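**Q** As input, take coords.cif (mmCIF, N, CA and C atoms):
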data_target
#
loop_
_atom_site.label_atom_id
_atom_site.label_comp_id
_atom_site.auth_asym_id
_atom_site.auth_seq_id
_atom_site.Cartn_x
_atom_site.Cartn_y
_atom_site.Cartn_z
N MET M 1 38.25 13.75 -1.35
CA MET M 1 39.48 14.05 -0.63
C MET M 1 39.30 15.37 0.13
N GLN M 2 39.86 15.39 1.30
CA GLN M 2 39.80 16.63 2.06
C GLN M 2 40.76 17.64 1.46
N LYS M 3 40.39 18.88 1.53
CA LYS M 3 41.24 19.93 1.00
C LYS M 3 42.36 20.21 2.00
N ALA M 4 43.57 20.16 1.52
CA ALA M 4 44.74 20.47 2.34
C ALA M 4 45.76 21.15 1.45
N ILE M 5 46.64 21.86 2.06
CA ILE M 5 47.69 22.54 1.30
C ILE M 5 48.98 21.78 1.55
N TYR M 6 49.62 21.39 0.46
CA TYR M 6 50.87 20.65 0.56
C TYR M 6 51.97 21.45 -0.11
N ASN M 7 53.13 21.43 0.51
CA ASN M 7 54.30 22.07 -0.08
C ASN M 7 54.99 21.01 -0.93
N LYS M 8 54.98 21.20 -2.25
CA LYS M 8 55.55 20.20 -3.15
C LYS M 8 57.04 20.03 -2.94
N ASN M 9 57.73 21.09 -2.56
CA ASN M 9 59.17 20.96 -2.31
C ASN M 9 59.41 20.04 -1.11
N ASP M 10 58.61 20.21 -0.05
CA ASP M 10 58.73 19.33 1.12
C ASP M 10 58.41 17.89 0.73
N LEU M 11 57.40 17.71 -0.10
CA LEU M 11 57.02 16.38 -0.56
C LEU M 11 58.16 15.75 -1.36
N ARG M 12 58.76 16.51 -2.25
CA ARG M 12 59.88 16.02 -3.06
C ARG M 12 61.05 15.62 -2.17
N ILE M 13 61.38 16.45 -1.19
CA ILE M 13 62.47 16.15 -0.26
C ILE M 13 62.14 14.90 0.56
N PHE M 14 60.88 14.77 0.98
CA PHE M 14 60.45 13.60 1.75
C PHE M 14 60.65 12.32 0.95
N VAL M 15 60.22 12.32 -0.32
CA VAL M 15 60.37 11.14 -1.17
C VAL M 15 61.85 10.85 -1.41
N ARG M 16 62.62 11.88 -1.68
CA ARG M 16 64.06 11.70 -1.90
C ARG M 16 64.72 11.09 -0.66
N ASP M 17 64.34 11.59 0.53
CA ASP M 17 64.90 11.07 1.77
C ASP M 17 64.45 9.63 2.05
N MET M 18 63.21 9.30 1.67
CA MET M 18 62.74 7.92 1.82
C MET M 18 63.60 6.98 0.99
N ILE M 19 63.89 7.37 -0.23
CA ILE M 19 64.73 6.54 -1.10
C ILE M 19 66.12 6.40 -0.50
N SER M 20 66.69 7.51 -0.02
CA SER M 20 68.02 7.47 0.60
C SER M 20 68.02 6.56 1.82
N GLY M 21 66.97 6.59 2.62
CA GLY M 21 66.86 5.71 3.78
C GLY M 21 66.83 4.25 3.36
N LYS M 22 66.10 3.96 2.29
CA LYS M 22 66.04 2.58 1.78
C LYS M 22 67.41 2.14 1.27
N VAL M 23 68.16 3.05 0.65
CA VAL M 23 69.50 2.73 0.17
C VAL M 23 70.40 2.38 1.35
N LYS M 24 70.35 3.19 2.41
CA LYS M 24 71.19 2.93 3.60
C LYS M 24 70.85 1.60 4.24
N THR M 25 69.56 1.29 4.35
CA THR M 25 69.14 0.02 4.92
C THR M 25 69.63 -1.14 4.07
N LEU M 26 69.49 -1.01 2.77
CA LEU M 26 69.91 -2.06 1.86
C LEU M 26 71.42 -2.24 1.89
N GLU M 27 72.17 -1.13 2.00
CA GLU M 27 73.63 -1.22 2.11
C GLU M 27 74.01 -2.01 3.35
N PHE M 28 73.30 -1.78 4.46
CA PHE M 28 73.57 -2.52 5.69
C PHE M 28 73.36 -4.01 5.46
N TYR M 29 72.21 -4.39 4.89
CA TYR M 29 71.93 -5.81 4.65
C TYR M 29 72.92 -6.43 3.67
N LEU M 30 73.29 -5.67 2.66
CA LEU M 30 74.25 -6.18 1.67
C LEU M 30 75.61 -6.42 2.32
N ASN M 31 76.08 -5.46 3.10
CA ASN M 31 77.37 -5.62 3.78
C ASN M 31 77.33 -6.77 4.78
N PHE M 32 76.22 -6.87 5.51
CA PHE M 32 76.06 -7.96 6.47
C PHE M 32 76.12 -9.32 5.77
N THR M 33 75.41 -9.43 4.65
CA THR M 33 75.36 -10.70 3.91
C THR M 33 76.73 -11.01 3.30
N LEU M 34 77.41 -10.00 2.76
CA LEU M 34 78.75 -10.22 2.21
C LEU M 34 79.71 -10.70 3.29
N GLU M 35 79.66 -10.06 4.44
CA GLU M 35 80.53 -10.45 5.56
C GLU M 35 80.21 -11.87 6.02
N ALA M 36 78.93 -12.19 6.11
CA ALA M 36 78.53 -13.53 6.53
C ALA M 36 78.99 -14.58 5.51
N SER M 37 78.93 -14.23 4.23
CA SER M 37 79.35 -15.20 3.21
C SER M 37 80.85 -15.46 3.29
N ARG M 38 81.62 -14.50 3.74
CA ARG M 38 83.07 -14.69 3.91
C ARG M 38 83.36 -15.60 5.10
N GLU M 39 82.45 -15.58 6.07
CA GLU M 39 82.65 -16.37 7.28
C GLU M 39 82.31 -17.85 7.09
N VAL M 40 81.50 -18.15 6.10
CA VAL M 40 81.10 -19.54 5.88
C VAL M 40 82.33 -20.33 5.45
N LYS M 41 82.54 -21.44 6.15
CA LYS M 41 83.73 -22.26 5.85
C LYS M 41 83.70 -22.75 4.41
N LYS M 42 84.86 -22.87 3.84
CA LYS M 42 84.97 -23.28 2.44
C LYS M 42 85.13 -24.79 2.32
N THR M 43 84.14 -25.50 2.82
CA THR M 43 84.11 -26.94 2.63
C THR M 43 82.84 -27.28 1.88
N SER M 44 82.83 -28.45 1.28
CA SER M 44 81.70 -28.81 0.43
C SER M 44 80.38 -28.89 1.20
N LYS M 45 80.44 -29.16 2.52
CA LYS M 45 79.17 -29.27 3.24
C LYS M 45 78.47 -27.91 3.39
N TYR M 46 79.16 -26.82 3.10
CA TYR M 46 78.55 -25.48 3.18
C TYR M 46 78.21 -24.90 1.81
N ASP M 47 78.34 -25.70 0.76
CA ASP M 47 78.08 -25.21 -0.60
C ASP M 47 76.67 -24.66 -0.77
N SER M 48 75.67 -25.34 -0.24
CA SER M 48 74.29 -24.89 -0.41
C SER M 48 74.05 -23.57 0.32
N ILE M 49 74.67 -23.39 1.47
CA ILE M 49 74.53 -22.13 2.21
C ILE M 49 75.18 -21.00 1.43
N ARG M 50 76.38 -21.25 0.91
CA ARG M 50 77.06 -20.21 0.12
C ARG M 50 76.26 -19.86 -1.12
N GLU M 51 75.67 -20.86 -1.74
CA GLU M 51 74.85 -20.62 -2.94
C GLU M 51 73.64 -19.76 -2.60
N GLU M 52 72.98 -20.04 -1.49
CA GLU M 52 71.83 -19.23 -1.06
C GLU M 52 72.26 -17.80 -0.76
N MET M 53 73.41 -17.64 -0.15
CA MET M 53 73.91 -16.30 0.15
C MET M 53 74.22 -15.54 -1.14
N GLN M 54 74.79 -16.22 -2.12
CA GLN M 54 75.07 -15.59 -3.41
C GLN M 54 73.77 -15.14 -4.08
N ASP M 55 72.74 -15.97 -3.99
CA ASP M 55 71.43 -15.59 -4.54
C ASP M 55 70.90 -14.34 -3.84
N GLU M 56 71.04 -14.33 -2.52
CA GLU M 56 70.57 -13.17 -1.74
C GLU M 56 71.35 -11.92 -2.13
N ILE M 57 72.65 -12.04 -2.28
CA ILE M 57 73.48 -10.90 -2.67
C ILE M 57 73.06 -10.40 -4.06
N TYR M 58 72.78 -11.32 -4.97
CA TYR M 58 72.32 -10.96 -6.31
C TYR M 58 71.02 -10.16 -6.24
N HIS M 59 70.06 -10.63 -5.43
CA HIS M 59 68.78 -9.93 -5.30
C HIS M 59 68.95 -8.56 -4.63
N LEU M 60 69.81 -8.48 -3.64
CA LEU M 60 70.07 -7.20 -2.99
C LEU M 60 70.72 -6.23 -3.96
N ASP M 61 71.63 -6.73 -4.78
CA ASP M 61 72.27 -5.87 -5.79
C ASP M 61 71.25 -5.32 -6.78
N LYS M 62 70.31 -6.18 -7.20
CA LYS M 62 69.26 -5.72 -8.11
C LYS M 62 68.39 -4.64 -7.47
N GLN M 63 68.05 -4.85 -6.20
CA GLN M 63 67.25 -3.84 -5.48
C GLN M 63 68.03 -2.53 -5.36
N MET M 64 69.33 -2.63 -5.09
CA MET M 64 70.16 -1.44 -4.95
C MET M 64 70.21 -0.68 -6.28
N ALA M 65 70.37 -1.39 -7.37
CA ALA M 65 70.40 -0.75 -8.69
C ALA M 65 69.09 -0.03 -8.96
N ASN M 66 67.98 -0.64 -8.56
CA ASN M 66 66.67 -0.02 -8.73
C ASN M 66 66.55 1.26 -7.90
N LEU M 67 67.01 1.20 -6.65
CA LEU M 67 66.95 2.40 -5.79
C LEU M 67 67.86 3.51 -6.31
N LYS M 68 69.04 3.15 -6.80
CA LYS M 68 69.96 4.16 -7.36
C LYS M 68 69.33 4.80 -8.60
N SER M 69 68.63 4.00 -9.38
CA SER M 69 67.93 4.52 -10.55
C SER M 69 66.84 5.51 -10.12
N MET M 70 66.12 5.17 -9.05
CA MET M 70 65.09 6.09 -8.53
C MET M 70 65.71 7.40 -8.08
N GLN M 71 66.89 7.32 -7.44
CA GLN M 71 67.57 8.55 -7.02
C GLN M 71 67.89 9.42 -8.22
N GLN M 72 68.33 8.82 -9.31
CA GLN M 72 68.63 9.58 -10.52
C GLN M 72 67.36 10.17 -11.12
N GLN M 73 66.28 9.39 -11.12
CA GLN M 73 65.01 9.87 -11.66
C GLN M 73 64.48 11.05 -10.85
N MET M 74 64.69 11.02 -9.52
CA MET M 74 64.20 12.11 -8.68
C MET M 74 64.89 13.43 -9.01
N LYS M 75 66.09 13.36 -9.57
CA LYS M 75 66.79 14.59 -9.96
C LYS M 75 66.08 15.29 -11.11
N LYS M 76 65.29 14.53 -11.88
CA LYS M 76 64.56 15.09 -13.01
C LYS M 76 63.20 15.66 -12.60
N VAL M 77 62.77 15.35 -11.37
CA VAL M 77 61.46 15.79 -10.89
C VAL M 77 61.60 17.21 -10.38
N LEU M 78 60.94 18.13 -11.07
CA LEU M 78 61.00 19.54 -10.72
C LEU M 78 59.71 19.98 -10.05
N ASN M 79 59.76 21.10 -9.37
CA ASN M 79 58.59 21.60 -8.67
C ASN M 79 57.87 22.71 -9.41
N SER M 80 58.00 22.74 -10.72
CA SER M 80 57.38 23.81 -11.49
C SER M 80 55.85 23.68 -11.45
N GLU M 81 55.20 24.83 -11.51
CA GLU M 81 53.74 24.88 -11.49
C GLU M 81 53.21 24.61 -12.90
N SER M 82 52.08 23.94 -12.95
CA SER M 82 51.44 23.66 -14.23
C SER M 82 49.97 23.35 -14.00
N GLU M 83 49.15 23.75 -14.94
CA GLU M 83 47.72 23.41 -14.86
C GLU M 83 47.49 21.98 -15.30
N LEU M 84 48.42 21.45 -16.10
CA LEU M 84 48.30 20.09 -16.61
C LEU M 84 49.18 19.15 -15.79
N ALA M 85 48.69 17.93 -15.57
CA ALA M 85 49.47 16.92 -14.86
C ALA M 85 50.69 16.54 -15.67
N LYS M 86 51.84 16.46 -15.00
CA LYS M 86 53.10 16.10 -15.67
C LYS M 86 54.06 15.56 -14.62
N LEU M 87 55.27 15.18 -15.03
CA LEU M 87 56.28 14.73 -14.10
C LEU M 87 56.50 15.80 -13.04
N GLY M 88 56.41 15.41 -11.78
CA GLY M 88 56.57 16.36 -10.68
C GLY M 88 55.26 16.89 -10.14
N SER M 89 54.15 16.58 -10.80
CA SER M 89 52.85 17.07 -10.34
C SER M 89 52.32 16.23 -9.18
N LEU M 90 51.64 16.92 -8.29
CA LEU M 90 50.87 16.24 -7.26
C LEU M 90 49.42 16.34 -7.72
N VAL M 91 48.85 15.19 -8.06
CA VAL M 91 47.49 15.15 -8.58
C VAL M 91 46.57 14.62 -7.48
N ILE M 92 45.62 15.46 -7.10
CA ILE M 92 44.68 15.07 -6.05
C ILE M 92 43.34 14.77 -6.71
N THR M 93 42.89 13.53 -6.55
CA THR M 93 41.60 13.14 -7.10
C THR M 93 40.62 12.97 -5.95
N ASN M 94 39.38 12.65 -6.28
CA ASN M 94 38.39 12.44 -5.23
C ASN M 94 38.65 11.13 -4.47
N LYS M 95 39.61 10.33 -4.93
CA LYS M 95 39.90 9.04 -4.28
C LYS M 95 41.31 8.94 -3.69
N ALA M 96 42.28 9.66 -4.25
CA ALA M 96 43.67 9.49 -3.81
C ALA M 96 44.53 10.69 -4.20
N ARG M 97 45.77 10.67 -3.70
CA ARG M 97 46.76 11.69 -4.02
C ARG M 97 47.92 10.99 -4.73
N PHE M 98 48.23 11.43 -5.95
CA PHE M 98 49.29 10.80 -6.74
C PHE M 98 50.41 11.80 -6.98
N TYR M 99 51.62 11.40 -6.63
CA TYR M 99 52.80 12.21 -6.89
C TYR M 99 53.54 11.56 -8.05
N ILE M 100 53.49 12.19 -9.21
CA ILE M 100 54.12 11.63 -10.41
C ILE M 100 55.62 11.89 -10.32
N SER M 101 56.35 10.84 -9.97
CA SER M 101 57.79 10.99 -9.74
C SER M 101 58.53 9.68 -10.00
N VAL M 102 58.50 8.79 -9.02
CA VAL M 102 59.15 7.48 -9.12
C VAL M 102 58.18 6.42 -8.61
N SER M 103 58.46 5.19 -8.94
CA SER M 103 57.58 4.09 -8.56
C SER M 103 57.89 3.62 -7.14
N LEU M 104 57.49 4.42 -6.17
CA LEU M 104 57.77 4.11 -4.77
C LEU M 104 56.56 3.51 -4.07
N GLY M 105 55.39 3.75 -4.63
CA GLY M 105 54.18 3.19 -4.03
C GLY M 105 53.60 4.06 -2.95
N GLU M 106 52.88 3.42 -2.04
CA GLU M 106 52.15 4.14 -0.98
C GLU M 106 53.11 4.64 0.10
N PHE M 107 52.84 5.86 0.58
CA PHE M 107 53.57 6.41 1.71
C PHE M 107 52.68 7.45 2.39
N PHE M 108 53.05 7.81 3.61
CA PHE M 108 52.29 8.80 4.36
C PHE M 108 53.14 10.05 4.55
N PHE M 109 52.54 11.21 4.27
CA PHE M 109 53.21 12.49 4.39
C PHE M 109 52.25 13.45 5.08
N GLU M 110 52.71 14.05 6.16
CA GLU M 110 51.88 14.97 6.94
C GLU M 110 50.53 14.35 7.31
N GLY M 111 50.56 13.06 7.63
CA GLY M 111 49.37 12.36 8.09
C GLY M 111 48.41 11.91 6.99
N ASP M 112 48.74 12.15 5.73
CA ASP M 112 47.87 11.76 4.62
C ASP M 112 48.55 10.70 3.76
N ARG M 113 47.73 9.88 3.13
CA ARG M 113 48.21 8.81 2.26
C ARG M 113 48.46 9.35 0.85
N PHE M 114 49.61 9.01 0.31
CA PHE M 114 50.00 9.40 -1.04
C PHE M 114 50.48 8.17 -1.79
N TYR M 115 50.54 8.29 -3.11
CA TYR M 115 51.11 7.25 -3.95
C TYR M 115 52.13 7.91 -4.87
N ALA M 116 53.39 7.51 -4.73
CA ALA M 116 54.43 7.97 -5.66
C ALA M 116 54.40 7.01 -6.84
N ILE M 117 54.08 7.55 -8.01
CA ILE M 117 53.95 6.71 -9.20
C ILE M 117 54.92 7.18 -10.29
N SER M 118 55.39 6.22 -11.04
CA SER M 118 56.29 6.50 -12.16
C SER M 118 55.49 7.10 -13.32
N PRO M 119 56.11 7.97 -14.10
CA PRO M 119 55.40 8.51 -15.26
C PRO M 119 55.06 7.42 -16.30
N GLU M 120 55.70 6.27 -16.19
CA GLU M 120 55.41 5.16 -17.10
C GLU M 120 54.27 4.26 -16.61
N SER M 121 53.79 4.51 -15.39
CA SER M 121 52.73 3.66 -14.84
C SER M 121 51.41 3.92 -15.59
N PRO M 122 50.52 2.94 -15.61
CA PRO M 122 49.22 3.13 -16.27
C PRO M 122 48.45 4.33 -15.71
N MET M 123 48.50 4.53 -14.39
CA MET M 123 47.80 5.67 -13.78
C MET M 123 48.36 6.99 -14.31
N ALA M 124 49.69 7.12 -14.28
CA ALA M 124 50.30 8.37 -14.75
C ALA M 124 50.02 8.60 -16.23
N LYS M 125 50.11 7.54 -17.02
CA LYS M 125 49.83 7.69 -18.45
C LYS M 125 48.40 8.19 -18.68
N LYS M 126 47.50 7.77 -17.81
CA LYS M 126 46.10 8.17 -17.92
C LYS M 126 45.92 9.66 -17.57
N ILE M 127 46.63 10.12 -16.52
CA ILE M 127 46.36 11.48 -16.03
C ILE M 127 47.32 12.55 -16.55
N ILE M 128 48.47 12.15 -17.10
CA ILE M 128 49.39 13.17 -17.63
C ILE M 128 48.70 13.90 -18.78
N GLY M 129 48.74 15.22 -18.69
CA GLY M 129 48.10 16.06 -19.71
C GLY M 129 46.70 16.49 -19.32
N MET M 130 46.14 15.91 -18.26
CA MET M 130 44.80 16.30 -17.82
C MET M 130 44.90 17.50 -16.88
N LYS M 131 43.76 18.14 -16.64
CA LYS M 131 43.75 19.28 -15.72
C LYS M 131 42.63 19.10 -14.69
N ALA M 132 42.64 19.95 -13.68
CA ALA M 132 41.64 19.87 -12.61
C ALA M 132 40.24 19.95 -13.20
N GLY M 133 39.35 19.12 -12.66
CA GLY M 133 37.97 19.08 -13.13
C GLY M 133 37.71 17.95 -14.10
N GLU M 134 38.75 17.43 -14.72
CA GLU M 134 38.57 16.33 -15.67
C GLU M 134 38.40 15.01 -14.92
N GLU M 135 37.76 14.07 -15.60
CA GLU M 135 37.48 12.77 -14.99
C GLU M 135 38.07 11.66 -15.85
N PHE M 136 38.35 10.53 -15.21
CA PHE M 136 38.90 9.38 -15.93
C PHE M 136 38.50 8.10 -15.20
N THR M 137 38.62 6.99 -15.92
CA THR M 137 38.34 5.68 -15.34
C THR M 137 39.53 4.78 -15.65
N LEU M 138 40.03 4.11 -14.62
CA LEU M 138 41.11 3.16 -14.77
C LEU M 138 40.80 1.96 -13.90
N ASN M 139 40.86 0.78 -14.48
CA ASN M 139 40.53 -0.46 -13.76
C ASN M 139 39.13 -0.39 -13.12
N LYS M 140 38.21 0.15 -13.87
CA LYS M 140 36.81 0.27 -13.46
C LYS M 140 36.61 1.18 -12.25
N ILE M 141 37.60 2.01 -11.95
CA ILE M 141 37.48 2.98 -10.86
C ILE M 141 37.45 4.37 -11.48
N HIS M 142 36.32 5.05 -11.26
CA HIS M 142 36.12 6.39 -11.83
C HIS M 142 36.64 7.43 -10.83
N GLN M 143 37.44 8.37 -11.33
CA GLN M 143 37.99 9.41 -10.46
C GLN M 143 37.88 10.77 -11.14
N LYS M 144 37.79 11.78 -10.30
CA LYS M 144 37.77 13.16 -10.77
C LYS M 144 38.97 13.89 -10.19
N ILE M 145 39.69 14.60 -11.05
CA ILE M 145 40.85 15.36 -10.59
C ILE M 145 40.34 16.63 -9.92
N GLU M 146 40.66 16.78 -8.64
CA GLU M 146 40.22 17.96 -7.89
C GLU M 146 41.25 19.08 -7.95
N ALA M 147 42.55 18.71 -7.96
CA ALA M 147 43.59 19.73 -7.99
C ALA M 147 44.88 19.15 -8.54
N ILE M 148 45.66 20.03 -9.15
CA ILE M 148 46.99 19.67 -9.61
C ILE M 148 47.95 20.71 -9.05
N LEU M 149 48.89 20.26 -8.27
CA LEU M 149 49.87 21.16 -7.66
C LEU M 149 51.23 20.91 -8.29
#
Take the structure in this file and express it as structure tokens.
**A**
Amino acid sequence: MQKAIYNKNDLRIFVRDMISGKVKTLEFYLNFTLEASREVKKTSKYDSIREEMQDEIYHLDKQMANLKSMQQQMKKVLNSESELAKLGSLVITNKARFYISVSLGEFFFEGDRFYAISPESPMAKKIIGMKAGEEFTLNKIHQKIEAIL
């Protein structure tokens, strides 16, 4: 990995704003689907359409609950400094950059690829408690921790 300096507070705000953006987008789709379901005529020939819309609303509600949970989890992510990887740490290995926070997956910040991972993920469980210079193998991929911010 190339050496770069990242501001963890900016990274935390970026992830928080990404989640908020996803919530707003999902709210739009949910409202649109709810409004469309009200417009469907209440005759038996539209039953299958209404049923599909209800399924979609159910799935959107589940996604919204997940995003709201991520927003709550982000409130627990602090920017404290530590030599050991922990919740809120940015762990830079020779292969990737992992932000131990929420399970958001891959994203790009300041032109670099990052992975926001939950502390319950296998990767986080492997690296929490480790420090720079230590090595680990997960899924047959060997990595060395270069820095912990």
**Q** One decimal, Å: what's the distance from atom C of Ala96 of chain M over to atom CA of Met64 of chain M, could you say?
**A**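 Computing it gives 28.4 Å between the two atoms.
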**Q** Just to confirm, what's the straight-line distance from atom C of Lys86 of chain M to atom C of Gly111 of chain M in Å (one decimal)?
**A** 22.6 Å
**Q** Just to confirm, what's the straight-line distance from atom CA of Asn139 of chain M to atom CA of Lys126 of chain M in Å (one decimal)?
**A** 11.1 Å
**Q** Pick from M:Met70, M:Leu90, M:Ala124, M:Leu30: nearest to Gln54 of chain M, with only C-alpha atoms counted?
**A** M:Leu30
**Q** Of the candidates M:Lys62, M:Arg12, M:Lys76, M:Lys45, which shows the shortest atom-to-atom distance to Pro119 of chain M, using only C-alpha atoms?
**A**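 Of M:Lys62, M:Arg12, M:Lys76, M:Lys45, the one nearest Pro119 of chain M is M:Lys76, counting only C-alpha atoms.
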**Q** DSSP on the backbone, strand (DSSP E or B) only: what residues of segment 52-118 of chain M does that give? Format it as a list in words.
**A** Leu84, Leu90, Val91, Ile92, Thr93, Arg97, Phe98, Tyr99, Ile100, Gly105, Glu106, Phe107, Phe108, Phe109, Asp112, Arg113, Phe114, Tyr115, Ala116 and Ile117 of chain M
**Q** I'd like to know which of M:Lys131, M:His59, M:Lys144, M:Lys125 is closest to Ile92 of chain M, using only N, CA and C atoms.
**A**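 That would be M:Lys144, the residue with the smallest distance to Ile92 of chain M.
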**Q** Can you turn the PyMOL selection byres ((chain M and resi 105) around 5) into a concrete residue list for this file, as an mmCIF file with N, CA and C atoms, keeping the file's coordinate frame?
**A**
data_model
loop_
_atom_site.group_PDB
_atom_site.id
_atom_site.type_symbol
_atom_site.label_atom_id
_atom_site.label_comp_id
_atom_site.auth_asym_id
_atom_site.auth_seq_id
_atom_site.Cartn_x
_atom_site.Cartn_y
_atom_site.Cartn_z
ATOM 1 N N SER M 103 58.460 5.190 -8.940
ATOM 2 C CA SER M 103 57.580 4.090 -8.560
ATOM 3 C C SER M 103 57.890 3.620 -7.140
ATOM 4 N N LEU M 104 57.490 4.420 -6.170
ATOM 5 C CA LEU M 104 57.770 4.110 -4.770
ATOM 6 C C LEU M 104 56.560 3.510 -4.070
ATOM 7 N N GLU M 106 52.880 3.420 -2.040
ATOM 8 C CA GLU M 106 52.150 4.140 -0.980
ATOM 9 C C GLU M 106 53.110 4.640 0.100
ATOM 10 N N PHE M 107 52.840 5.860 0.580
ATOM 11 C CA PHE M 107 53.570 6.410 1.710
ATOM 12 C C PHE M 107 52.680 7.450 2.390
ATOM 13 N N TYR M 115 50.540 8.290 -3.110
ATOM 14 C CA TYR M 115 51.110 7.250 -3.950
ATOM 15 C C TYR M 115 52.130 7.910 -4.870
ATOM 16 N N ALA M 116 53.390 7.510 -4.730
ATOM 17 C CA ALA M 116 54.430 7.970 -5.660
ATOM 18 C C ALA M 116 54.400 7.010 -6.840
#
**Q** Starting from the point (57.4, 22.0, -8.2), work out which residues of protein, DNA or RNA have an atom no more than 7 Å away when counting all atoms listed in the file; state them as a list in words.
**A**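 These residues have at least one counted atom within 7 Å: Lys8, Asn9, Val77, Leu78, Asn79, Ser80, Glu81, Gly88, Ser89 and Leu149 of chain M.
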**Q** Mind the document's chain letters and residue numbers, and return as JSON, numbers by chain the residues of chain M that DSSP labels helix (DSSP H, G or I).
**A** {"M": [8, 9, 10, 11, 12, 13, 14, 15, 16, 17, 18, 19, 20, 21, 22, 23, 24, 25, 26, 27, 28, 29, 30, 31, 32, 33, 34, 35, 36, 37, 38, 39, 44, 45, 46, 47, 48, 49, 50, 51, 52, 53, 54, 55, 56, 57, 58, 59, 60, 61, 62, 63, 64, 65, 66, 67, 68, 69, 70, 71, 72, 73, 74, 122, 123, 124, 125, 126, 127]}
**Q** Go through the shown structure with the PyMOL selection byres ((chain M and resi 129) around 5) and write out the matching residues as a count of residues only.
**A** 7
**Q** Which polymer residues have any atom within 12 Å of an atom of Ile5 of chain M, counting only C-alpha atoms, with same-chain residues fewer than 5 positions away left out, as a ChimeraX atom specification?
**A** /M:10-11,90,92,109-110,112,147-149
**Q** Could you turn the residues from that selection into a file that holds N, CA and C atoms, as a short mmCIF file (atom, residue, chain, number, x, y, z; two decimals), in the coordinates of the input?
**A**
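Now in out.cif:
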data_model
loop_
_atom_site.label_atom_id
_atom_site.label_comp_id
_atom_site.auth_asym_id
_atom_site.auth_seq_id
_atom_site.Cartn_x
_atom_site.Cartn_y
_atom_site.Cartn_z
N ASP M 10 58.61 20.21 -0.05
CA ASP M 10 58.73 19.33 1.12
C ASP M 10 58.41 17.89 0.73
N LEU M 11 57.40 17.71 -0.10
CA LEU M 11 57.02 16.38 -0.56
C LEU M 11 58.16 15.75 -1.36
N LEU M 90 51.64 16.92 -8.29
CA LEU M 90 50.87 16.24 -7.26
C LEU M 90 49.42 16.34 -7.72
N ILE M 92 45.62 15.46 -7.10
CA ILE M 92 44.68 15.07 -6.05
C ILE M 92 43.34 14.77 -6.71
N PHE M 109 52.54 11.21 4.27
CA PHE M 109 53.21 12.49 4.39
C PHE M 109 52.25 13.45 5.08
N GLU M 110 52.71 14.05 6.16
CA GLU M 110 51.88 14.97 6.94
C GLU M 110 50.53 14.35 7.31
N ASP M 112 48.74 12.15 5.73
CA ASP M 112 47.87 11.76 4.62
C ASP M 112 48.55 10.70 3.76
N ALA M 147 42.55 18.71 -7.96
CA ALA M 147 43.59 19.73 -7.99
C ALA M 147 44.88 19.15 -8.54
N ILE M 148 45.66 20.03 -9.15
CA ILE M 148 46.99 19.67 -9.61
C ILE M 148 47.95 20.71 -9.05
N LEU M 149 48.89 20.26 -8.27
CA LEU M 149 49.87 21.16 -7.66
C LEU M 149 51.23 20.91 -8.29
#
**Q** Around the point (65.2, 7.1, -3.1) (coordinates from the file), which residues reach within 8 Å if we count all atoms listed in the file? Answer as a ChimeraX atom specification.
**A** /M:15-23,66-72,74
**Q** Just checking: using all atoms listed in the file, which residue out of M:Ile145, M:Arg50, M:Ile13, M:Arg113 ends up closest to Asn94 of chain M?
**A** M:Ile145
